[in-house]
Amino acid sequence: MSATVTKSSGPVPVIRTLPALIALTAVAWLAVDERGLRMALVVAIGAFAGFALYHAAFGFTGAWKRIITERRGAGLRAQMLLLVGTSLITYPLLAYGLPEFLAESGARSGAFVFSMGVAAAIGATMFGAGMQLGGGCGSGTLFTVGGGSTRMIVTLAAFIAGSLWATHDLPAWRELPRVAPVSLVRDFGPWTALAILAAFAALVVFGTRALERKTHGGVEPMKREWSFWRGPWRPLYGAVALIIVSIATILVVGRPWGITSGFALWGAKIATTFGVDVAAWPYWRGQAGRIEVSVFSDVTSVMNFAIVIGAFGAAMAAGRFKPTLSIGWRGVATAIAGGLLMGYGARLSGGCNIGAYLGGIISGSLHGWVWLVFAFAGSTATVLALNKRA
């Protein structure tokens with residue numbers, strides 16, 4: 001059945017989105033001045049990601065919580081579409097060679113495959129727990145901040161602090177056992193790797209649908225009315241939008257979409273401003289130049305800024321940008337705890353739900369699958385513990 005559009009979905013007044021457009025223009029201007037015209041595309045991709053994330057409410061945290069507590073799997077099924085739809089493009093690219101302009105940017109087949117070990121498993125578990133305490137994941141934190149959530153500003157600040165803290169401790173964690181990187185695309189070929197992913201996705205899709213029918217007597221119906229500009233979008237549309245974002249990021253940036261390395265950089269810059277010799281830490285010794293130059297020369301940071309602004313524009317277009325300062329001490333405490341866990345855990349495990357989970361799996365890296373298992377376990381344990389206390 002074709003989708004219908006709500007009656008309130010007429011033209012969006014330009015004045016509503018003008019602040020976001022001005023902010024995006026400023027970010028693009030500064031980034032292009034630092035790194036060239038390709039950064040304008042980075043800003044556009046990030047803005048579209050933020051717009052889609054906000055309207056689809058496409059967070060990994062809520063989807064995992066719903067399947068654990070409500071036995072509703074629409075969000076999880078949308079994630080499977082995102083993984084398979086993106087990998088249909090990325091697996092052949094990795095197997096048969098990246099375009100020449102990507103090779104020139106430093107990207108190469110196999111460059112996105114990482115090892116997984118004890119530290120990474122602990123980090124993924126920490127991140128999964130932090131998602132539920134903080135109220136959002138890596139991408140979720142950014143788009144909710146852009147949407148006007150003051151609580152998530154606290155989460156983001158703690159996320160940055162946790163990321164910086166982990167860069168100080170990382171050399172000790174790397175002494176723990178770990179296995180060599182495993183690439184499913186390289187070891188099994190792109191089509192077998194894709195078949196493995198598709199089989200897993202089908203298991204999740206049919207399994208969650210069966211679970212919903214058993215628990216609720218049927219699968220939750222999708223809302224038929226929606227508006228591109230004002231939302232809300234169906235999870236399906238959010239997944240399609242993020243497929244576009246993921247593929248565009250690889251084509252423009254030369255690597256999968258990432259978020260949390262930008263947070264670590266922001267923390268390092270802030271600490272350096274206050275006299276901390278972050279550049280002397282082993283993690284930063286080979287990256288001292290990143291701390292010294294403008295943040296607008298860092299691709300991940302620029303894309304993060306654009307995600308926040310894109311979500312802000314979506315909230316303004318929908319007329320739902322209404323920040324509130326009433327948080328409460330419990331909200332502040334859980335936001336800080338969640339942010340610290342996510343920041344620290346992301347650095348131990350090689351990224352967040354975007355960089356490690358999505359980026360790992362669409363790169364054919366086994367570490368993405370292992371990250372999913374441990375992060376979901378951490379989320380499940382935390383959700384059950386919080387519900388028990390409630």
# chains A, B, ... in the order shown; residues from 1 in each chain; ligands from 1

$ select_by_dssp --residues "region 194-341 of chain A" --states "helix (DSSP H, G or I)" --output "ChimeraX atom specification"
/A:194-216,235-253,260-273,278-280,282-285,288-292,295-297,299-318,329-341

$ residues_around --residues "Ile67 (chain A)" --least-positions-apart "6" --cutoff "10 Å" --atoms "only C-alpha atoms" --output "ChimeraX atom specification"
/A:73-76,208,211-212,380

$ residues_around --residues "Leu194 (chain A)" --least-positions-apart "2" --cutoff "9 Å" --atoms "only C-alpha atoms" --output "ChimeraX atom specification"
/A:84,87-88,91,184-185,189-192,196-199,364

$ write_last_selection --atoms "N, CA and C atoms" --output "mmCIF file, in the first residue's frame"
data_model
loop_
_atom_site.group_PDB
_atom_site.id
_atom_site.type_symbol
_atom_site.label_atom_id
_atom_site.label_comp_id
_atom_site.auth_asym_id
_atom_site.auth_seq_id
_atom_site.Cartn_x
_atom_site.Cartn_y
_atom_site.Cartn_z
ATOM 1 N N VAL A 84 22.524 -5.268 5.479
ATOM 2 C CA VAL A 84 22.529 -6.014 4.213
ATOM 3 C C VAL A 84 22.548 -5.055 3.027
ATOM 4 N N SER A 87 26.021 -3.592 2.641
ATOM 5 C CA SER A 87 27.021 -4.610 2.287
ATOM 6 C C SER A 87 26.873 -5.099 0.857
ATOM 7 N N LEU A 88 25.684 -4.975 0.286
ATOM 8 C CA LEU A 88 25.504 -5.324 -1.125
ATOM 9 C C LEU A 88 26.441 -4.510 -2.019
ATOM 10 N N TYR A 91 30.786 -5.007 -0.032
ATOM 11 C CA TYR A 91 31.524 -6.268 -0.154
ATOM 12 C C TYR A 91 32.147 -6.428 -1.539
ATOM 13 N N LEU A 184 35.848 -11.622 6.566
ATOM 14 C CA LEU A 184 34.965 -12.596 5.922
ATOM 15 C C LEU A 184 34.982 -12.439 4.410
ATOM 16 N N VAL A 185 35.127 -11.216 3.927
ATOM 17 C CA VAL A 185 35.171 -10.974 2.480
ATOM 18 C C VAL A 185 36.430 -11.570 1.880
ATOM 19 N N GLY A 189 35.176 -14.796 0.356
ATOM 20 C CA GLY A 189 34.690 -14.180 -0.865
ATOM 21 C C GLY A 189 33.465 -13.327 -0.577
ATOM 22 N N PRO A 190 33.203 -12.326 -1.434
ATOM 23 C CA PRO A 190 32.121 -11.374 -1.144
ATOM 24 C C PRO A 190 30.731 -11.991 -1.123
ATOM 25 N N TRP A 191 30.494 -12.965 -1.996
ATOM 26 C CA TRP A 191 29.139 -13.497 -2.098
ATOM 27 C C TRP A 191 28.833 -14.473 -0.966
ATOM 28 N N THR A 192 29.820 -15.244 -0.561
ATOM 29 C CA THR A 192 29.606 -16.108 0.607
ATOM 30 C C THR A 192 29.452 -15.272 1.865
ATOM 31 N N ILE A 196 26.199 -15.154 4.323
ATOM 32 C CA ILE A 196 26.242 -15.332 5.782
ATOM 33 C C ILE A 196 25.493 -14.196 6.467
ATOM 34 N N LEU A 197 25.759 -12.966 6.025
ATOM 35 C CA LEU A 197 25.089 -11.803 6.609
ATOM 36 C C LEU A 197 23.586 -11.860 6.350
ATOM 37 N N ALA A 198 23.195 -12.210 5.113
ATOM 38 C CA ALA A 198 21.771 -12.279 4.773
ATOM 39 C C ALA A 198 21.055 -13.347 5.592
ATOM 40 N N ALA A 199 21.731 -14.481 5.823
ATOM 41 C CA ALA A 199 21.125 -15.551 6.620
ATOM 42 C C ALA A 199 20.907 -15.089 8.058
ATOM 43 N N GLY A 364 33.121 -6.395 6.345
ATOM 44 C CA GLY A 364 33.419 -7.823 6.378
ATOM 45 C C GLY A 364 34.315 -8.219 7.530
#

$ residues_around --residues "Ser261 (chain A)" --least-positions-apart "3" --cutoff "10 Å" --atoms "only C-alpha atoms" --output "PDB file with N, CA and C atoms, in the first residue's frame"
ATOM      1  N   ILE A 160      32.775  12.484  25.756  1.00  0.00           N
ATOM      2  CA  ILE A 160      34.065  13.063  25.367  1.00  0.00           C
ATOM      3  C   ILE A 160      35.113  12.786  26.445  1.00  0.00           C
ATOM      4  N   SER A 163      36.137   9.149  26.422  1.00  0.00           N
ATOM      5  CA  SER A 163      36.982   8.854  25.258  1.00  0.00           C
ATOM      6  C   SER A 163      38.425   9.277  25.524  1.00  0.00           C
ATOM      7  N   LEU A 164      38.597  10.482  26.083  1.00  0.00           N
ATOM      8  CA  LEU A 164      39.942  10.969  26.393  1.00  0.00           C
ATOM      9  C   LEU A 164      40.604  10.088  27.446  1.00  0.00           C
ATOM     10  N   GLY A 258      32.350   6.868  10.827  1.00  0.00           N
ATOM     11  CA  GLY A 258      32.771   6.762  12.218  1.00  0.00           C
ATOM     12  C   GLY A 258      32.360   7.999  12.983  1.00  0.00           C
ATOM     13  N   ALA A 264      37.183  11.720  21.010  1.00  0.00           N
ATOM     14  CA  ALA A 264      38.501  11.628  21.646  1.00  0.00           C
ATOM     15  C   ALA A 264      39.357  12.830  21.273  1.00  0.00           C
ATOM     16  N   LEU A 265      39.277  13.243  20.017  1.00  0.00           N
ATOM     17  CA  LEU A 265      40.044  14.407  19.572  1.00  0.00           C
ATOM     18  C   LEU A 265      39.581  15.675  20.286  1.00  0.00           C
ATOM     19  N   TRP A 266      38.260  15.845  20.419  1.00  0.00           N
ATOM     20  CA  TRP A 266      37.752  17.028  21.114  1.00  0.00           C
ATOM     21  C   TRP A 266      38.254  17.051  22.553  1.00  0.00           C
ATOM     22  N   GLY A 267      38.228  15.877  23.198  1.00  0.00           N
ATOM     23  CA  GLY A 267      38.722  15.798  24.565  1.00  0.00           C
ATOM     24  C   GLY A 267      40.194  16.148  24.659  1.00  0.00           C
ATOM     25  N   ASP A 298      39.495  17.818  10.596  1.00  0.00           N
ATOM     26  CA  ASP A 298      39.223  16.422  10.944  1.00  0.00           C
ATOM     27  C   ASP A 298      37.880  16.002  10.354  1.00  0.00           C
ATOM     28  N   THR A 300      35.974  13.305  10.674  1.00  0.00           N
ATOM     29  CA  THR A 300      34.981  12.770  11.602  1.00  0.00           C
ATOM     30  C   THR A 300      34.324  13.883  12.400  1.00  0.00           C
ATOM     31  N   SER A 301      35.117  14.836  12.869  1.00  0.00           N
ATOM     32  CA  SER A 301      34.564  15.956  13.636  1.00  0.00           C
ATOM     33  C   SER A 301      33.602  16.776  12.790  1.00  0.00           C
ATOM     34  N   GLY A 343      32.155   6.359  26.115  1.00  0.00           N
ATOM     35  CA  GLY A 343      33.409   6.927  25.631  1.00  0.00           C
ATOM     36  C   GLY A 343      34.577   5.996  25.851  1.00  0.00           C
ATOM     37  N   ALA A 346      34.111   2.679  23.768  1.00  0.00           N
ATOM     38  CA  ALA A 346      34.301   2.831  22.325  1.00  0.00           C
ATOM     39  C   ALA A 346      35.761   2.787  21.933  1.00  0.00           C
ATOM     40  N   ARG A 347      36.621   3.418  22.739  1.00  0.00           N
ATOM     41  CA  ARG A 347      38.033   3.404  22.407  1.00  0.00           C
ATOM     42  C   ARG A 347      38.631   2.013  22.608  1.00  0.00           C
ATOM     43  N   GLY A 350      37.237  -0.221  19.525  1.00  0.00           N
ATOM     44  CA  GLY A 350      37.416   0.200  18.136  1.00  0.00           C
ATOM     45  C   GLY A 350      36.259   0.975  17.553  1.00  0.00           C
ATOM     46  N   GLY A 351      35.388   1.511  18.402  1.00  0.00           N
ATOM     47  CA  GLY A 351      34.295   2.323  17.895  1.00  0.00           C
ATOM     48  C   GLY A 351      32.995   2.071  18.610  1.00  0.00           C
ATOM     49  N   CYS A 352      31.930   2.646  18.059  1.00  0.00           N
ATOM     50  CA  CYS A 352      30.605   2.568  18.674  1.00  0.00           C
ATOM     51  C   CYS A 352      29.680   1.750  17.787  1.00  0.00           C
ATOM     52  N   GLY A 355      30.820   3.049  14.158  1.00  0.00           N
ATOM     53  CA  GLY A 355      32.168   2.720  13.711  1.00  0.00           C
ATOM     54  C   GLY A 355      32.518   1.252  13.847  1.00  0.00           C
TER      55      GLY A 355
END

$ residues_around --residues "Ala335 (chain A)" --least-positions-apart "6" --cutoff "12 Å" --atoms "only C-alpha atoms" --output "list in words"
Ala129, Gly130, Met131, Gln132, Leu133, Gly134, Gly135, Gly136, Cys137, Thr141, Ser149, Thr150, Arg151, Met152, Ile153, Val154, Thr155, Leu156, Ala157, Ala158, Phe159, Ile327, Gly328, Trp329, Leu341, Met342 and Gly343 of chain A

$ write_last_selection --atoms "C-alpha atoms" --output "mmCIF file, in the first residue's frame"
data_model
loop_
_atom_site.group_PDB
_atom_site.id
_atom_site.type_symbol
_atom_site.label_atom_id
_atom_site.label_comp_id
_atom_site.auth_asym_id
_atom_site.auth_seq_id
_atom_site.Cartn_x
_atom_site.Cartn_y
_atom_site.Cartn_z
ATOM 1 C CA ALA A 129 25.651 -0.774 29.161
ATOM 2 C CA GLY A 130 26.398 2.906 28.660
ATOM 3 C CA MET A 131 23.895 3.143 25.800
ATOM 4 C CA GLN A 132 21.046 2.272 28.122
ATOM 5 C CA LEU A 133 22.234 4.465 30.988
ATOM 6 C CA GLY A 134 23.029 7.460 28.800
ATOM 7 C CA GLY A 135 19.879 7.171 26.715
ATOM 8 C CA GLY A 136 21.577 6.992 23.336
ATOM 9 C CA CYS A 137 24.415 5.494 21.317
ATOM 10 C CA THR A 141 23.697 11.144 21.226
ATOM 11 C CA SER A 149 17.842 17.366 24.459
ATOM 12 C CA THR A 150 19.740 19.045 27.281
ATOM 13 C CA ARG A 151 20.165 15.734 29.096
ATOM 14 C CA MET A 152 22.039 14.374 26.092
ATOM 15 C CA ILE A 153 24.390 17.360 26.223
ATOM 16 C CA VAL A 154 25.474 15.977 29.611
ATOM 17 C CA THR A 155 25.845 12.526 28.048
ATOM 18 C CA LEU A 156 27.934 13.979 25.211
ATOM 19 C CA ALA A 157 30.235 15.832 27.631
ATOM 20 C CA ALA A 158 30.803 12.618 29.602
ATOM 21 C CA PHE A 159 31.228 10.703 26.316
ATOM 22 C CA ILE A 327 16.741 17.230 34.161
ATOM 23 C CA GLY A 328 16.968 16.177 37.813
ATOM 24 C CA TRP A 329 19.917 14.719 39.680
ATOM 25 C CA LEU A 341 31.049 4.069 29.786
ATOM 26 C CA MET A 342 30.385 4.701 26.110
ATOM 27 C CA GLY A 343 33.409 6.927 25.631
#

$ closest_residue --among "A:Ser379, A:Gln79, A:Gly128, A:Leu348" --to "Thr260 (chain A)" --atoms "only C-alpha atoms"
A:Leu348

$ atom_distance --atom1 "CA of Arg290 (chain A)" --atom2 "CA of Leu41 (chain A)"
20.9 Å

$ closest_atom_pairs --of "region 174-241 of chain A" --to "region 302-320 of chain A" --cutoff "10 Å" --atoms "only C-alpha atoms" --output "CSV"
residue,atom,partner,partner_atom,distance
A:Ser227,CA,A:Ala318,CA,9.3
A:Phe228,CA,A:Ala314,CA,9.6
A:Trp229,CA,A:Ala317,CA,6.3
A:Arg230,CA,A:Ala318,CA,4.1
A:Gly231,CA,A:Ala318,CA,6.8
A:Pro232,CA,A:Ala318,CA,8.9

$ select_by_dssp --residues "region 62-179 of chain A" --states "strand (DSSP E)" --output "ChimeraX atom specification"
/A:116-117,178-179

$ write_last_selection --atoms "N, CA and C atoms" --output "CSV table (one decimal), in the first residue's frame"
chain,number,residue,atom,x,y,z
A,116,MET,N,40.2,-8.4,17.4
A,116,MET,CA,39.2,-8.4,18.5
A,116,MET,C,39.9,-9.2,19.6
A,117,GLY,N,39.8,-8.7,20.9
A,117,GLY,CA,40.4,-9.4,22.0
A,117,GLY,C,39.7,-9.1,23.3
A,178,ARG,N,44.6,-10.9,22.3
A,178,ARG,CA,43.7,-10.6,21.2
A,178,ARG,C,44.0,-11.4,20.0
A,179,VAL,N,43.1,-11.6,19.1
A,179,VAL,CA,43.3,-12.4,17.9
A,179,VAL,C,43.6,-11.5,16.7

$ closest_residue --among "A:Val253, A:Leu81, A:Val276, A:Ala119" --to "Trp173 (chain A)" --atoms "only C-alpha atoms"
A:Ala119

$ closest_residue --among "A:Val245, A:Leu94, A:Leu372, A:Ala47" --to "Arg186 (chain A)" --atoms "only C-alpha atoms"
A:Leu94

$ residues_around --residues "Thr90 (chain A)" --least-positions-apart "2" --cutoff "12 Å" --atoms "only C-alpha atoms" --output "ChimeraX atom specification"
/A:83-88,92-99,109-110,112,185,190-191,193-194,243-244,246-251,254-256,358-365

$ write_last_selection --atoms "C-alpha atoms" --output "PDB file, in the first residue's frame"
ATOM      1  CA  LEU A  83      23.537  -3.917   7.226  1.00  0.00           C
ATOM      2  CA  VAL A  84      22.529  -6.014   4.213  1.00  0.00           C
ATOM      3  CA  GLY A  85      21.657  -3.077   1.966  1.00  0.00           C
ATOM      4  CA  THR A  86      25.013  -1.395   2.574  1.00  0.00           C
ATOM      5  CA  SER A  87      27.021  -4.610   2.287  1.00  0.00           C
ATOM      6  CA  LEU A  88      25.504  -5.324  -1.125  1.00  0.00           C
ATOM      7  CA  PRO A  92      32.042  -6.284  -3.945  1.00  0.00           C
ATOM      8  CA  LEU A  93      33.937  -2.988  -3.656  1.00  0.00           C
ATOM      9  CA  LEU A  94      36.312  -4.483  -1.106  1.00  0.00           C
ATOM     10  CA  ALA A  95      36.732  -7.723  -3.046  1.00  0.00           C
ATOM     11  CA  TYR A  96      37.195  -6.385  -6.560  1.00  0.00           C
ATOM     12  CA  GLY A  97      39.001  -3.150  -5.843  1.00  0.00           C
ATOM     13  CA  LEU A  98      38.079   0.305  -4.710  1.00  0.00           C
ATOM     14  CA  PRO A  99      37.725   3.102  -7.276  1.00  0.00           C
ATOM     15  CA  SER A 109      40.800  -3.343   0.518  1.00  0.00           C
ATOM     16  CA  GLY A 110      41.227  -4.881   3.944  1.00  0.00           C
ATOM     17  CA  PHE A 112      38.859  -1.595   7.668  1.00  0.00           C
ATOM     18  CA  VAL A 185      35.171 -10.974   2.480  1.00  0.00           C
ATOM     19  CA  PRO A 190      32.121 -11.374  -1.144  1.00  0.00           C
ATOM     20  CA  TRP A 191      29.139 -13.497  -2.098  1.00  0.00           C
ATOM     21  CA  ALA A 193      30.170 -13.339   3.149  1.00  0.00           C
ATOM     22  CA  LEU A 194      27.013 -11.652   1.918  1.00  0.00           C
ATOM     23  CA  ILE A 243      22.351   3.044   3.613  1.00  0.00           C
ATOM     24  CA  ILE A 244      22.824   6.102   1.408  1.00  0.00           C
ATOM     25  CA  SER A 246      27.075   4.758   4.709  1.00  0.00           C
ATOM     26  CA  ILE A 247      27.845   4.208   1.035  1.00  0.00           C
ATOM     27  CA  ALA A 248      28.349   7.912   0.355  1.00  0.00           C
ATOM     28  CA  THR A 249      30.777   8.133   3.271  1.00  0.00           C
ATOM     29  CA  ILE A 250      32.929   5.341   1.864  1.00  0.00           C
ATOM     30  CA  LEU A 251      32.891   6.891  -1.608  1.00  0.00           C
ATOM     31  CA  GLY A 254      37.432   6.530   1.681  1.00  0.00           C
ATOM     32  CA  ARG A 255      36.458   4.627   4.851  1.00  0.00           C
ATOM     33  CA  PRO A 256      33.327   3.603   6.746  1.00  0.00           C
ATOM     34  CA  LEU A 358      27.899  -0.952  11.328  1.00  0.00           C
ATOM     35  CA  GLY A 359      31.362  -0.088  10.017  1.00  0.00           C
ATOM     36  CA  GLY A 360      32.820  -3.440  11.036  1.00  0.00           C
ATOM     37  CA  ILE A 361      30.094  -5.605   9.527  1.00  0.00           C
ATOM     38  CA  ILE A 362      29.834  -3.712   6.235  1.00  0.00           C
ATOM     39  CA  SER A 363      33.635  -4.059   5.945  1.00  0.00           C
ATOM     40  CA  GLY A 364      33.419  -7.823   6.378  1.00  0.00           C
ATOM     41  CA  SER A 365      35.384  -7.615   9.623  1.00  0.00           C
TER      42      SER A 365
END
